[in-house]
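Chemist: The file below is work17.csv, CSV, C-alpha atoms:
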```
chain,number,residue,atom,x,y,z
R,694,MET,CA,-28.7,-121.1,9.4
R,695,THR,CA,-28.4,-117.6,8.0
R,696,ARG,CA,-31.5,-116.1,6.6
R,697,THR,CA,-31.3,-113.4,3.9
R,698,VAL,CA,-33.6,-110.6,4.7
R,699,PRO,CA,-34.8,-108.8,1.5
R,700,SER,CA,-34.2,-105.1,1.5
R,701,PRO,CA,-37.4,-103.1,2.0
R,702,GLN,CA,-38.9,-101.4,-1.0
R,703,LYS,CA,-40.1,-97.9,-0.9
R,704,PRO,CA,-43.9,-97.6,-0.8
R,705,ARG,CA,-45.7,-96.7,-4.0
R,706,GLY,CA,-46.7,-93.1,-3.9
R,707,ALA,CA,-48.9,-90.8,-5.9
R,708,ALA,CA,-46.0,-88.9,-7.4
R,709,CYS,CA,-42.2,-88.8,-7.3
R,710,LEU,CA,-39.4,-86.8,-8.9
R,711,TYR,CA,-36.7,-88.7,-10.6
R,712,THR,CA,-33.5,-86.7,-11.4
R,713,PHE,CA,-30.4,-87.3,-13.4
R,714,PRO,CA,-27.2,-86.5,-11.6
R,715,ASP,CA,-26.6,-83.3,-13.5
R,716,ALA,CA,-30.1,-82.0,-12.7
R,717,SER,CA,-30.1,-82.8,-8.9
R,718,ARG,CA,-29.8,-79.2,-7.8
R,719,PHE,CA,-32.8,-78.0,-9.8
R,720,ALA,CA,-34.7,-81.1,-8.8
R,721,ARG,CA,-34.1,-80.5,-5.1
R,722,GLN,CA,-35.6,-77.0,-5.5
R,723,LEU,CA,-38.6,-78.6,-7.2
R,724,ALA,CA,-39.0,-81.2,-4.5
R,725,ARG,CA,-38.9,-78.5,-1.8
R,726,ALA,CA,-41.4,-76.3,-3.6
R,727,THR,CA,-43.9,-79.2,-4.3
R,728,GLY,CA,-43.3,-81.5,-1.3
R,729,ILE,CA,-42.8,-84.4,-3.7
R,730,GLU,CA,-40.2,-87.1,-2.8
R,731,MET,CA,-37.1,-87.2,-5.0
R,732,GLU,CA,-35.2,-90.2,-6.3
R,733,ARG,CA,-32.0,-90.4,-8.3
R,734,VAL,CA,-31.6,-91.9,-11.8
R,735,THR,CA,-28.3,-93.7,-12.2
R,736,LEU,CA,-26.3,-93.9,-15.4
R,737,HIS,CA,-23.7,-96.4,-16.6
R,738,GLY,CA,-21.6,-95.7,-19.7
R,739,PHE,CA,-20.3,-98.4,-22.0
R,740,PRO,CA,-17.0,-98.1,-24.0
R,741,ASP,CA,-18.9,-97.6,-27.3
R,742,GLY,CA,-20.7,-94.6,-25.9
R,743,GLU,CA,-24.0,-96.2,-25.1
R,744,SER,CA,-25.8,-95.4,-21.8
R,745,LEU,CA,-27.7,-97.7,-19.4
R,746,VAL,CA,-30.3,-95.9,-17.3
R,747,ARG,CA,-31.6,-97.3,-14.1
R,748,MET,CA,-34.0,-96.3,-11.3
R,749,GLN,CA,-35.0,-98.1,-8.1
R,750,PRO,CA,-38.4,-99.8,-8.6
R,751,PRO,CA,-41.2,-99.7,-7.8
R,752,VAL,CA,-41.8,-96.3,-9.2
R,753,SER,CA,-44.7,-94.0,-8.3
R,754,ASP,CA,-47.9,-93.8,-10.3
R,755,ALA,CA,-46.9,-90.4,-11.6
R,756,ALA,CA,-43.2,-90.2,-12.3
R,757,VAL,CA,-41.7,-86.7,-12.9
R,758,LEU,CA,-38.4,-86.9,-14.7
R,759,VAL,CA,-36.2,-83.8,-14.3
R,760,ARG,CA,-33.4,-82.9,-16.7
R,761,SER,CA,-32.3,-79.8,-18.5
R,762,LEU,CA,-31.4,-80.7,-22.1
R,763,HIS,CA,-28.5,-78.5,-23.0
R,764,ASN,CA,-25.8,-80.5,-24.7
R,765,PRO,CA,-28.7,-82.4,-26.1
R,766,ASN,CA,-27.4,-85.1,-28.4
R,767,THR,CA,-26.5,-87.5,-25.5
R,768,LYS,CA,-29.1,-86.3,-23.1
R,769,LEU,CA,-32.0,-86.8,-25.4
R,770,VAL,CA,-31.3,-90.5,-25.8
R,771,GLU,CA,-30.8,-91.0,-22.1
R,772,THR,CA,-34.0,-89.1,-21.4
R,773,LEU,CA,-36.0,-91.3,-23.8
R,774,LEU,CA,-34.6,-94.4,-22.2
R,775,ALA,CA,-35.5,-93.2,-18.7
R,776,ALA,CA,-39.1,-92.6,-19.8
R,777,ASP,CA,-39.3,-96.3,-21.0
R,778,ALA,CA,-37.7,-97.5,-17.8
R,779,LEU,CA,-40.2,-95.6,-15.7
R,780,ARG,CA,-43.1,-97.1,-17.5
R,781,ARG,CA,-41.7,-100.6,-17.4
R,782,SER,CA,-41.2,-100.1,-13.6
R,783,GLY,CA,-44.9,-99.3,-13.0
R,784,ALA,CA,-45.4,-95.6,-13.7
R,785,ARG,CA,-48.9,-94.9,-15.2
R,786,ARG,CA,-48.0,-91.3,-16.1
R,787,VAL,CA,-44.6,-89.9,-16.9
R,788,ILE,CA,-43.9,-86.1,-17.1
R,789,LEU,CA,-40.7,-84.4,-18.2
R,790,ILE,CA,-39.5,-81.3,-16.6
R,791,ALA,CA,-36.9,-79.8,-19.0
R,792,PRO,CA,-36.0,-76.3,-17.9
R,793,TYR,CA,-34.2,-75.9,-21.2
R,794,LEU,CA,-35.6,-77.6,-24.3
R,795,PRO,CA,-33.4,-77.9,-27.4
R,796,TYR,CA,-34.0,-78.0,-31.2
R,797,MET,CA,-37.1,-75.7,-31.1
R,798,ARG,CA,-35.8,-72.9,-33.3
R,799,GLN,CA,-35.6,-75.0,-36.5
R,800,ASP,CA,-39.4,-74.9,-37.0
R,801,THR,CA,-39.3,-74.9,-40.8
R,802,MET,CA,-37.0,-75.9,-43.7
R,803,PHE,CA,-35.0,-72.8,-44.1
R,804,HIS,CA,-32.9,-74.3,-47.0
R,805,PRO,CA,-33.4,-77.3,-49.2
R,806,GLY,CA,-32.1,-80.5,-47.7
R,807,GLU,CA,-32.6,-79.5,-44.0
R,808,PRO,CA,-34.9,-81.2,-41.4
R,809,VAL,CA,-37.6,-79.6,-39.4
R,810,SER,CA,-35.8,-80.4,-36.1
R,811,GLN,CA,-38.6,-79.0,-33.9
R,812,ARG,CA,-41.1,-81.5,-35.3
R,813,VAL,CA,-38.6,-84.4,-35.0
R,814,ILE,CA,-37.7,-83.8,-31.4
R,815,GLY,CA,-41.2,-82.7,-30.4
R,816,THR,CA,-42.7,-85.9,-31.8
R,817,LEU,CA,-40.2,-88.1,-30.0
R,818,LEU,CA,-40.7,-86.4,-26.6
R,819,GLY,CA,-44.5,-86.2,-27.1
R,820,GLN,CA,-44.7,-89.9,-27.7
R,821,ALA,CA,-42.4,-90.8,-24.8
R,822,PHE,CA,-44.0,-88.6,-22.2
R,823,ASP,CA,-47.6,-87.8,-21.1
R,824,GLY,CA,-46.6,-84.2,-20.2
R,825,VAL,CA,-43.7,-81.9,-20.9
R,826,LEU,CA,-42.9,-78.6,-19.1
R,827,THR,CA,-40.2,-76.2,-20.1
R,828,LEU,CA,-39.3,-72.5,-19.8
R,829,GLU,CA,-39.2,-70.2,-22.7
R,830,ALA,CA,-38.9,-72.7,-25.5
R,831,HIS,CA,-37.5,-70.9,-28.6
R,832,LEU,CA,-40.8,-70.8,-30.5
R,833,HIS,CA,-41.4,-68.5,-33.5
R,834,ARG,CA,-44.0,-69.6,-36.1
R,835,ILE,CA,-46.0,-71.6,-33.5
R,836,HIS,CA,-47.4,-70.2,-30.3
R,837,ARG,CA,-47.9,-73.2,-28.1
R,838,LEU,CA,-45.7,-76.2,-27.4
R,839,ASP,CA,-48.5,-78.7,-27.7
R,840,GLU,CA,-48.8,-77.8,-31.4
R,841,VAL,CA,-45.6,-79.8,-32.0
R,842,MET,CA,-45.8,-82.4,-29.1
R,843,PRO,CA,-48.6,-85.0,-29.1
R,844,CYS,CA,-49.0,-84.7,-25.3
R,845,GLN,CA,-49.8,-82.2,-22.6
R,846,ALA,CA,-47.0,-79.8,-23.2
R,847,GLN,CA,-46.4,-76.2,-22.0
R,848,SER,CA,-43.7,-73.6,-22.4
R,849,LEU,CA,-43.8,-71.3,-19.4
R,850,SER,CA,-43.0,-67.6,-19.7
R,851,ALA,CA,-40.0,-66.4,-17.6
R,852,ALA,CA,-41.5,-62.9,-17.5
R,853,PRO,CA,-42.6,-63.2,-13.8
R,854,VAL,CA,-39.1,-64.3,-12.7
R,855,LEU,CA,-37.3,-61.5,-14.6
R,856,ALA,CA,-39.9,-58.9,-13.6
R,857,ALA,CA,-39.5,-59.8,-9.9
R,858,TRP,CA,-35.7,-59.1,-10.1
R,859,VAL,CA,-36.3,-55.7,-11.8
R,860,ARG,CA,-38.8,-54.8,-9.0
R,861,ARG,CA,-36.4,-56.0,-6.2
R,862,THR,CA,-33.4,-54.0,-7.5
R,863,GLY,CA,-35.6,-50.8,-7.3
R,864,GLY,CA,-34.5,-47.5,-8.7
R,865,ARG,CA,-35.6,-45.9,-11.9
R,866,CYS,CA,-34.8,-48.1,-14.9
R,867,PHE,CA,-36.3,-49.3,-18.1
R,868,VAL,CA,-36.5,-52.8,-19.7
R,869,VAL,CA,-35.0,-53.3,-23.1
R,870,GLY,CA,-35.5,-56.0,-25.8
R,871,PRO,CA,-32.8,-56.3,-28.5
R,872,ASP,CA,-35.3,-56.6,-31.4
R,873,GLU,CA,-38.9,-56.1,-32.4
R,874,GLU,CA,-39.6,-59.8,-32.2
R,875,SER,CA,-39.3,-59.7,-28.4
R,876,GLU,CA,-41.9,-56.9,-28.1
R,877,PRO,CA,-44.8,-58.9,-26.5
R,878,TRP,CA,-42.4,-60.5,-24.0
R,879,ILE,CA,-40.6,-57.3,-23.1
R,880,ARG,CA,-43.9,-55.5,-22.6
R,881,ALA,CA,-45.1,-58.2,-20.2
R,882,ILE,CA,-41.9,-57.9,-18.2
R,883,GLY,CA,-42.0,-54.1,-18.1
R,884,GLN,CA,-45.7,-54.1,-17.1
R,885,ALA,CA,-45.2,-56.7,-14.4
R,886,ALA,CA,-42.2,-54.8,-13.0
R,887,GLY,CA,-43.9,-51.4,-13.1
R,888,ALA,CA,-41.1,-50.1,-15.5
R,889,LYS,CA,-41.0,-48.5,-18.8
R,890,TRP,CA,-39.9,-50.6,-21.7
R,891,ILE,CA,-38.6,-50.3,-25.3
R,892,VAL,CA,-37.4,-52.7,-28.1
R,893,GLY,CA,-34.7,-52.1,-30.6
R,894,LYS,CA,-34.8,-52.6,-34.4
R,895,LYS,CA,-32.2,-55.1,-35.6
R,896,GLU,CA,-30.6,-54.7,-39.0
R,897,ARG,CA,-28.2,-57.2,-40.4
R,898,ALA,CA,-25.0,-55.8,-42.0
R,899,GLY,CA,-23.7,-59.2,-43.1
R,900,ASP,CA,-23.6,-62.8,-42.0
R,901,ARG,CA,-22.0,-62.0,-38.6
R,902,ARG,CA,-22.7,-58.2,-38.2
R,903,VAL,CA,-25.8,-56.6,-36.8
R,904,ARG,CA,-26.8,-53.1,-35.9
R,905,ILE,CA,-29.4,-52.2,-33.4
R,906,HIS,CA,-31.3,-48.9,-33.3
R,907,PHE,CA,-33.4,-47.7,-30.4
R,908,PRO,CA,-36.3,-45.2,-30.4
R,909,ALA,CA,-36.2,-42.3,-28.0
R,910,LEU,CA,-35.2,-43.6,-24.6
R,911,PRO,CA,-37.1,-43.1,-21.4
R,912,PRO,CA,-35.6,-40.5,-19.0
R,913,SER,CA,-33.4,-42.9,-17.0
R,914,SER,CA,-29.7,-43.6,-16.6
R,915,ARG,CA,-30.2,-47.3,-16.0
R,916,ALA,CA,-31.4,-50.0,-18.5
R,917,VAL,CA,-32.0,-53.7,-18.0
R,918,LEU,CA,-31.4,-55.7,-21.2
R,919,VAL,CA,-33.3,-58.9,-21.5
R,920,ASP,CA,-32.9,-61.9,-23.8
R,921,ASP,CA,-34.2,-65.5,-23.8
R,922,ILE,CA,-31.1,-67.3,-25.0
R,923,ALA,CA,-27.5,-66.0,-25.1
R,924,SER,CA,-24.6,-67.9,-26.6
R,925,SER,CA,-21.9,-65.7,-28.1
R,926,GLY,CA,-23.4,-62.6,-26.4
R,927,GLY,CA,-23.0,-60.7,-29.7
R,928,THR,CA,-26.6,-59.3,-29.8
R,929,LEU,CA,-26.5,-58.2,-26.2
R,930,ALA,CA,-23.1,-56.5,-26.7
R,931,VAL,CA,-24.3,-54.6,-29.8
R,932,ALA,CA,-27.4,-53.5,-27.9
R,933,ALA,CA,-25.4,-52.4,-24.9
R,934,ARG,CA,-23.0,-50.3,-27.0
R,935,ALA,CA,-26.0,-48.6,-28.7
R,936,LEU,CA,-27.5,-47.8,-25.3
R,937,ARG,CA,-24.2,-46.4,-24.1
R,938,ARG,CA,-24.0,-44.2,-27.2
R,939,ALA,CA,-27.5,-42.9,-26.4
R,940,GLY,CA,-26.3,-41.8,-22.9
R,941,VAL,CA,-27.3,-44.7,-20.7
R,942,SER,CA,-24.7,-45.0,-18.0
R,943,THR,CA,-25.7,-48.3,-16.2
R,944,ILE,CA,-26.7,-51.4,-18.0
R,945,ASP,CA,-27.5,-54.8,-16.6
R,946,ALA,CA,-28.5,-57.9,-18.6
R,947,LEU,CA,-30.9,-60.7,-17.7
R,948,VAL,CA,-30.8,-64.0,-19.7
R,949,VAL,CA,-33.1,-66.9,-19.3
R,950,HIS,CA,-30.9,-69.7,-20.8
R,951,ALA,CA,-27.2,-69.1,-20.4
R,952,ILE,CA,-25.6,-71.0,-23.2
R,953,PHE,CA,-22.5,-68.9,-23.0
R,954,ALA,CA,-19.3,-69.4,-25.1
R,955,PRO,CA,-16.1,-69.2,-23.0
R,956,ASP,CA,-15.5,-65.6,-24.0
R,957,ALA,CA,-19.1,-64.4,-23.9
R,958,LEU,CA,-19.0,-62.7,-20.4
R,959,SER,CA,-15.8,-60.8,-21.1
R,960,ARG,CA,-17.4,-59.6,-24.4
R,961,LEU,CA,-20.5,-58.4,-22.5
R,962,HIS,CA,-18.5,-56.6,-19.8
R,963,ALA,CA,-16.3,-55.0,-22.4
R,964,ALA,CA,-19.5,-53.6,-24.1
R,965,GLY,CA,-20.4,-51.8,-20.9
R,966,ILE,CA,-22.7,-54.3,-19.2
R,967,ARG,CA,-22.3,-54.1,-15.4
R,968,HIS,CA,-24.1,-57.3,-14.2
R,969,VAL,CA,-25.0,-60.4,-16.2
R,970,LEU,CA,-27.6,-62.6,-14.5
R,971,SER,CA,-29.3,-65.8,-15.7
R,972,CYS,CA,-32.0,-68.2,-14.7
R,973,ASP,CA,-30.9,-71.5,-13.3
R,974,THR,CA,-32.2,-73.5,-16.3
R,975,ILE,CA,-28.6,-74.3,-17.4
R,976,PRO,CA,-25.9,-74.4,-14.7
R,977,HIS,CA,-23.6,-71.4,-15.0
R,978,SER,CA,-21.7,-68.9,-12.8
R,979,THR,CA,-24.3,-66.2,-13.7
R,980,ASN,CA,-27.2,-68.2,-12.2
R,981,ALA,CA,-29.1,-65.8,-9.9
R,982,LEU,CA,-32.7,-66.2,-10.9
R,983,ARG,CA,-34.6,-69.2,-9.6
R,984,ALA,CA,-37.0,-70.8,-12.0
R,985,ALA,CA,-38.0,-73.8,-9.9
R,986,PRO,CA,-40.9,-72.1,-8.0
R,987,LEU,CA,-42.5,-71.1,-11.3
R,988,MET,CA,-42.1,-74.6,-12.7
R,989,ALA,CA,-43.3,-76.2,-9.5
R,990,ALA,CA,-46.6,-74.4,-9.6
R,991,ALA,CA,-47.2,-75.5,-13.2
R,992,LEU,CA,-46.2,-79.1,-12.3
R,993,GLN,CA,-48.7,-79.2,-9.5
R,994,GLU,CA,-51.4,-78.0,-11.8
R,995,MET,CA,-50.5,-80.6,-14.4
R,996,LEU,CA,-50.5,-83.4,-11.8
R,997,SER,CA,-53.9,-82.4,-10.5
```
Now, as a test, write the supplied structure out as structure tokens.
Modeler:
Amino acid sequence: MTRTVPSPQKPRGAACLYTFPDASRFARQLARATGIEMERVTLHGFPDGESLVRMQPPVSDAAVLVRSLHNPNTKLVETLLAADALRRSGARRVILIAPYLPYMRQDTMFHPGEPVSQRVIGTLLGQAFDGVLTLEAHLHRIHRLDEVMPCQAQSLSAAPVLAAWVRRTGGRCFVVGPDEESEPWIRAIGQAAGAKWIVGKKERAGDRRVRIHFPALPPSSRAVLVDDIASSGGTLAVAARALRRAGVSTIDALVVHAIFAPDALSRLHAAGIRHVLSCDTIPHSTNALRAAPLMAAALQEMLS
């Protein structure tokens, strides 16, 4: 008589990371930085476009779901389904690590007939998760993520990561923000890096044209342009050309979230930017700045 031996189940732990396939690289860095075990979320797609999300039960008491939410319209639904699956599989606390968080810039009704997307997505995620951690959410009229999410939510500043790169590269340089709105952030980066800093004044010359003017530049031939999100690269390119006209010979650019259009990098290089580097919040060829250690420290604090 053949006996069927049931497969052993993993022991229930205090915390575990659960990662979608497209976030496994970032999740592995988080796991190494925190010492937390990592498990994979599996996805099955149906012909009509629906997704089935699965994880191996039993899950840990504290389940940490990892996924960057660029290309959000599919990912948001799967992420909400995963939160429900984790709770039904035994998790008492579910935390989302979303290195990039979408739909945060539409924080008011700019024109009649529009939604306030920030409130819609913030409410959905805040109800599904007990905690949400992200990096440099695109916040304007609010100052804290927990103002729009009914949970323990935090948007971390990438200033320490960017300032560390400026310090490592050495040399005499100054940090540049493309507009006045970025002034507090640019000041924090410059002070942490021990570098001078300036911000430009942006003027719109039409729907698609902007001009950027800079004050008197510090006495240095190298500038580091910094922006939180870059898609077309237009703002950075305009800023770089203005710096070149002012006599800056070497310009590098640091971007937190690299949502780059296919021709964005060639546009930036044509504007005179030498190196374009980004954080690894969104997978891209420019990824050179690791955000996982920063987010790991905040995660451990949230778990404790």
Chemist: Which polymer residues have any atom within 9 Å of an atom of range 864-867 of chain R, counting all atoms listed in the file, with same-chain residues fewer than 6 positions away left out, as a PyMOL selection string?
Modeler: chain R and resi 883+888-891+910-918
Chemist: Got time to write the residues from that selection, C-alpha atoms, as a short mmCIF file (atom, residue, chain, number, x, y, z; two decimals), in the frame of the given file?
Modeler:
```cif
data_model
loop_
_atom_site.label_atom_id
_atom_site.label_comp_id
_atom_site.auth_asym_id
_atom_site.auth_seq_id
_atom_site.Cartn_x
_atom_site.Cartn_y
_atom_site.Cartn_z
CA GLY R 883 -42.00 -54.10 -18.10
CA ALA R 888 -41.10 -50.10 -15.50
CA LYS R 889 -41.00 -48.50 -18.80
CA TRP R 890 -39.90 -50.60 -21.70
CA ILE R 891 -38.60 -50.30 -25.30
CA LEU R 910 -35.20 -43.60 -24.60
CA PRO R 911 -37.10 -43.10 -21.40
CA PRO R 912 -35.60 -40.50 -19.00
CA SER R 913 -33.40 -42.90 -17.00
CA SER R 914 -29.70 -43.60 -16.60
CA ARG R 915 -30.20 -47.30 -16.00
CA ALA R 916 -31.40 -50.00 -18.50
CA VAL R 917 -32.00 -53.70 -18.00
CA LEU R 918 -31.40 -55.70 -21.20
#
```
Chemist: So the first atom is CA of Glu730 in chain R and the second is CA of Cys709 in chain R; what is the distance between them in Å, to one decimal place?
Modeler: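 Answer for the CA of Glu730 in chain R to CA of Cys709 in chain R separation: 5.2 Å.
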Chemist: Identify, on the basis of all atoms listed in the file, every residue whose closest approach to Val825 in chain R does not exceed 12 Å; exclude the query and any residue fewer than 6 positions from it along the same chain; express the result as a VMD selection string.
Modeler: chain R and resid 756 to 761 776 786 to 794 815 to 819 838 to 839 841 to 849 988 991 to 992 995 to 996
Chemist: What would the file look like if the residues just selected were written as a tab-separated table (two decimals), keeping the file's coordinate frame with C-alpha atoms?
Modeler:
```tsv
chain	number	residue	atom	x	y	z
R	756	ALA	CA	-43.20	-90.20	-12.30
R	757	VAL	CA	-41.70	-86.70	-12.90
R	758	LEU	CA	-38.40	-86.90	-14.70
R	759	VAL	CA	-36.20	-83.80	-14.30
R	760	ARG	CA	-33.40	-82.90	-16.70
R	761	SER	CA	-32.30	-79.80	-18.50
R	776	ALA	CA	-39.10	-92.60	-19.80
R	786	ARG	CA	-48.00	-91.30	-16.10
R	787	VAL	CA	-44.60	-89.90	-16.90
R	788	ILE	CA	-43.90	-86.10	-17.10
R	789	LEU	CA	-40.70	-84.40	-18.20
R	790	ILE	CA	-39.50	-81.30	-16.60
R	791	ALA	CA	-36.90	-79.80	-19.00
R	792	PRO	CA	-36.00	-76.30	-17.90
R	793	TYR	CA	-34.20	-75.90	-21.20
R	794	LEU	CA	-35.60	-77.60	-24.30
R	815	GLY	CA	-41.20	-82.70	-30.40
R	816	THR	CA	-42.70	-85.90	-31.80
R	817	LEU	CA	-40.20	-88.10	-30.00
R	818	LEU	CA	-40.70	-86.40	-26.60
R	819	GLY	CA	-44.50	-86.20	-27.10
R	838	LEU	CA	-45.70	-76.20	-27.40
R	839	ASP	CA	-48.50	-78.70	-27.70
R	841	VAL	CA	-45.60	-79.80	-32.00
R	842	MET	CA	-45.80	-82.40	-29.10
R	843	PRO	CA	-48.60	-85.00	-29.10
R	844	CYS	CA	-49.00	-84.70	-25.30
R	845	GLN	CA	-49.80	-82.20	-22.60
R	846	ALA	CA	-47.00	-79.80	-23.20
R	847	GLN	CA	-46.40	-76.20	-22.00
R	848	SER	CA	-43.70	-73.60	-22.40
R	849	LEU	CA	-43.80	-71.30	-19.40
R	988	MET	CA	-42.10	-74.60	-12.70
R	991	ALA	CA	-47.20	-75.50	-13.20
R	992	LEU	CA	-46.20	-79.10	-12.30
R	995	MET	CA	-50.50	-80.60	-14.40
R	996	LEU	CA	-50.50	-83.40	-11.80
```
Chemist: Calculate how many Å separate CA of Leu832 in chain R from CA of Tyr796 in chain R, rounding to one decimal.
Modeler: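 Distance between the two atoms: 9.9 Å.
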Chemist: What residues have an atom no more than 9 Å from (-23.6, -91.2, -30.0) in the file's own frame, counting all atoms listed in the file, and can you write them as an MDAnalysis selection string?
Modeler: chainID R and resid 741:743 766:767 770
Chemist: Per residue of range 958-982 of chain R within 10 Å of range 925-928 of chain R, which atom pair is closest and at what distance in Å (one decimal), using all atoms listed in the file, listed by chain and increasing number, as a Markdown table?
Modeler:
```
| residue | atom | partner | partner_atom | distance |
| --- | --- | --- | --- | --- |
| R:Leu958 | CA | R:Gly926 | CA | 7.4 |
| R:Ser959 | CA | R:Gly926 | CA | 9.4 |
| R:Arg960 | CA | R:Gly926 | CA | 7.0 |
| R:Leu961 | CA | R:Gly926 | CA | 6.4 |
| R:Ala964 | CA | R:Gly927 | CA | 9.7 |
```
Chemist: Emit the selected residues as a compact mmCIF listing (two decimals), in the coordinates of the input, including C-alpha atoms.
Modeler:
```txt
# COMPACT_ATOMS: atom_id res chain seq x y z
CA LEU R 958 -19.00 -62.70 -20.40
CA SER R 959 -15.80 -60.80 -21.10
CA ARG R 960 -17.40 -59.60 -24.40
CA LEU R 961 -20.50 -58.40 -22.50
CA ALA R 964 -19.50 -53.60 -24.10
```
Chemist: Rounded to one decimal in Å, what is the spacing between CA of Lys895 in chain R and CA of Ser875 in chain R?
Modeler: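 These atoms are spaced 11.1 Å apart.
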Chemist: Between R:Glu732, R:Glu807, R:Asp715, R:Glu829, which residue has the minimum interatomic distance to Lys768 in chain R, considering only C-alpha atoms?
Modeler: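 Ranking R:Glu732, R:Glu807, R:Asp715, R:Glu829 by distance to Lys768 in chain R, first place goes to R:Asp715.
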Chemist: Report as a PDB file with C-alpha atoms, in the frame of the given file all protein, DNA and RNA residues lying within 7 Å of Ala951 in chain R, evaluated on all atoms listed in the file, omitting residues in the same chain fewer than 4 positions from it.
Modeler:
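The file below, around-v5.pdb, is the result:
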```
ATOM      1  CA  ILE R 922     -31.100 -67.300 -25.000  1.00  0.00           C
ATOM      2  CA  ALA R 923     -27.500 -66.000 -25.100  1.00  0.00           C
ATOM      3  CA  SER R 924     -24.600 -67.900 -26.600  1.00  0.00           C
ATOM      4  CA  SER R 971     -29.300 -65.800 -15.700  1.00  0.00           C
ATOM      5  CA  ILE R 975     -28.600 -74.300 -17.400  1.00  0.00           C
ATOM      6  CA  HIS R 977     -23.600 -71.400 -15.000  1.00  0.00           C
TER       7      HIS R 977
END
```
Chemist: Which of these residues is nearest to Gln799 in chain R, using all atoms listed in the file: R:Ala990, R:Val949, R:Ile814, R:Met748?
Modeler: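 Checking each of R:Ala990, R:Val949, R:Ile814, R:Met748 against Gln799 in chain R, counting all atoms listed in the file, the winner is R:Ile814.
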Chemist: The residues within 12 Å of (-25.9, -49.1, -23.4), using all atoms listed in the file and the coordinates of the file, should be reported as a short mmCIF file (atom, residue, chain, number, x, y, z; two decimals) with C-alpha atoms, in the coordinates of the input; which are they?
Modeler:
```cif
data_model
loop_
_atom_site.label_atom_id
_atom_site.label_comp_id
_atom_site.auth_asym_id
_atom_site.auth_seq_id
_atom_site.Cartn_x
_atom_site.Cartn_y
_atom_site.Cartn_z
CA PHE R 867 -36.30 -49.30 -18.10
CA VAL R 868 -36.50 -52.80 -19.70
CA VAL R 869 -35.00 -53.30 -23.10
CA PRO R 871 -32.80 -56.30 -28.50
CA GLY R 893 -34.70 -52.10 -30.60
CA ILE R 905 -29.40 -52.20 -33.40
CA HIS R 906 -31.30 -48.90 -33.30
CA PHE R 907 -33.40 -47.70 -30.40
CA LEU R 910 -35.20 -43.60 -24.60
CA SER R 913 -33.40 -42.90 -17.00
CA SER R 914 -29.70 -43.60 -16.60
CA ARG R 915 -30.20 -47.30 -16.00
CA ALA R 916 -31.40 -50.00 -18.50
CA VAL R 917 -32.00 -53.70 -18.00
CA LEU R 918 -31.40 -55.70 -21.20
CA LEU R 929 -26.50 -58.20 -26.20
CA ALA R 930 -23.10 -56.50 -26.70
CA VAL R 931 -24.30 -54.60 -29.80
CA ALA R 932 -27.40 -53.50 -27.90
CA ALA R 933 -25.40 -52.40 -24.90
CA ARG R 934 -23.00 -50.30 -27.00
CA ALA R 935 -26.00 -48.60 -28.70
CA LEU R 936 -27.50 -47.80 -25.30
CA ARG R 937 -24.20 -46.40 -24.10
CA ARG R 938 -24.00 -44.20 -27.20
CA ALA R 939 -27.50 -42.90 -26.40
CA GLY R 940 -26.30 -41.80 -22.90
CA VAL R 941 -27.30 -44.70 -20.70
CA SER R 942 -24.70 -45.00 -18.00
CA THR R 943 -25.70 -48.30 -16.20
CA ILE R 944 -26.70 -51.40 -18.00
CA ASP R 945 -27.50 -54.80 -16.60
CA ALA R 946 -28.50 -57.90 -18.60
CA LEU R 961 -20.50 -58.40 -22.50
CA HIS R 962 -18.50 -56.60 -19.80
CA ALA R 963 -16.30 -55.00 -22.40
CA ALA R 964 -19.50 -53.60 -24.10
CA GLY R 965 -20.40 -51.80 -20.90
CA ILE R 966 -22.70 -54.30 -19.20
CA ARG R 967 -22.30 -54.10 -15.40
#
```
Chemist: I want to know what sits within 10 Å of Leu745 in chain R, based on all atoms listed in the file, with residues of the same chain fewer than 4 positions away left out; could you give that as number ranges by chain?
Modeler: R: 735-739, 771, 774-775
Chemist: Could you take the residues named above and write them with C-alpha atoms, as an mmCIF file, in the coordinates of the input?
Modeler:
```
data_model
loop_
_atom_site.group_PDB
_atom_site.id
_atom_site.type_symbol
_atom_site.label_atom_id
_atom_site.label_comp_id
_atom_site.auth_asym_id
_atom_site.auth_seq_id
_atom_site.Cartn_x
_atom_site.Cartn_y
_atom_site.Cartn_z
ATOM 1 C CA THR R 735 -28.300 -93.700 -12.200
ATOM 2 C CA LEU R 736 -26.300 -93.900 -15.400
ATOM 3 C CA HIS R 737 -23.700 -96.400 -16.600
ATOM 4 C CA GLY R 738 -21.600 -95.700 -19.700
ATOM 5 C CA PHE R 739 -20.300 -98.400 -22.000
ATOM 6 C CA GLU R 771 -30.800 -91.000 -22.100
ATOM 7 C CA LEU R 774 -34.600 -94.400 -22.200
ATOM 8 C CA ALA R 775 -35.500 -93.200 -18.700
#
```
Chemist: Using all atoms listed in the file, determine which residues lie at most 10 Å from Ala856 in chain R, disregarding the query and same-chain residues fewer than 4 positions distant; provide the list as a PyMOL selection string.
Modeler: chain R and resi 851-852+860-861+868+879+881-888
Chemist: Pull C-alpha atoms from the residues just selected and write them as a short mmCIF file (atom, residue, chain, number, x, y, z; two decimals), in the coordinates of the input.
Modeler:
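Result saved to part19.cif:
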```cif
data_model
loop_
_atom_site.label_atom_id
_atom_site.label_comp_id
_atom_site.auth_asym_id
_atom_site.auth_seq_id
_atom_site.Cartn_x
_atom_site.Cartn_y
_atom_site.Cartn_z
CA ALA R 851 -40.00 -66.40 -17.60
CA ALA R 852 -41.50 -62.90 -17.50
CA ARG R 860 -38.80 -54.80 -9.00
CA ARG R 861 -36.40 -56.00 -6.20
CA VAL R 868 -36.50 -52.80 -19.70
CA ILE R 879 -40.60 -57.30 -23.10
CA ALA R 881 -45.10 -58.20 -20.20
CA ILE R 882 -41.90 -57.90 -18.20
CA GLY R 883 -42.00 -54.10 -18.10
CA GLN R 884 -45.70 -54.10 -17.10
CA ALA R 885 -45.20 -56.70 -14.40
CA ALA R 886 -42.20 -54.80 -13.00
CA GLY R 887 -43.90 -51.40 -13.10
CA ALA R 888 -41.10 -50.10 -15.50
#
```
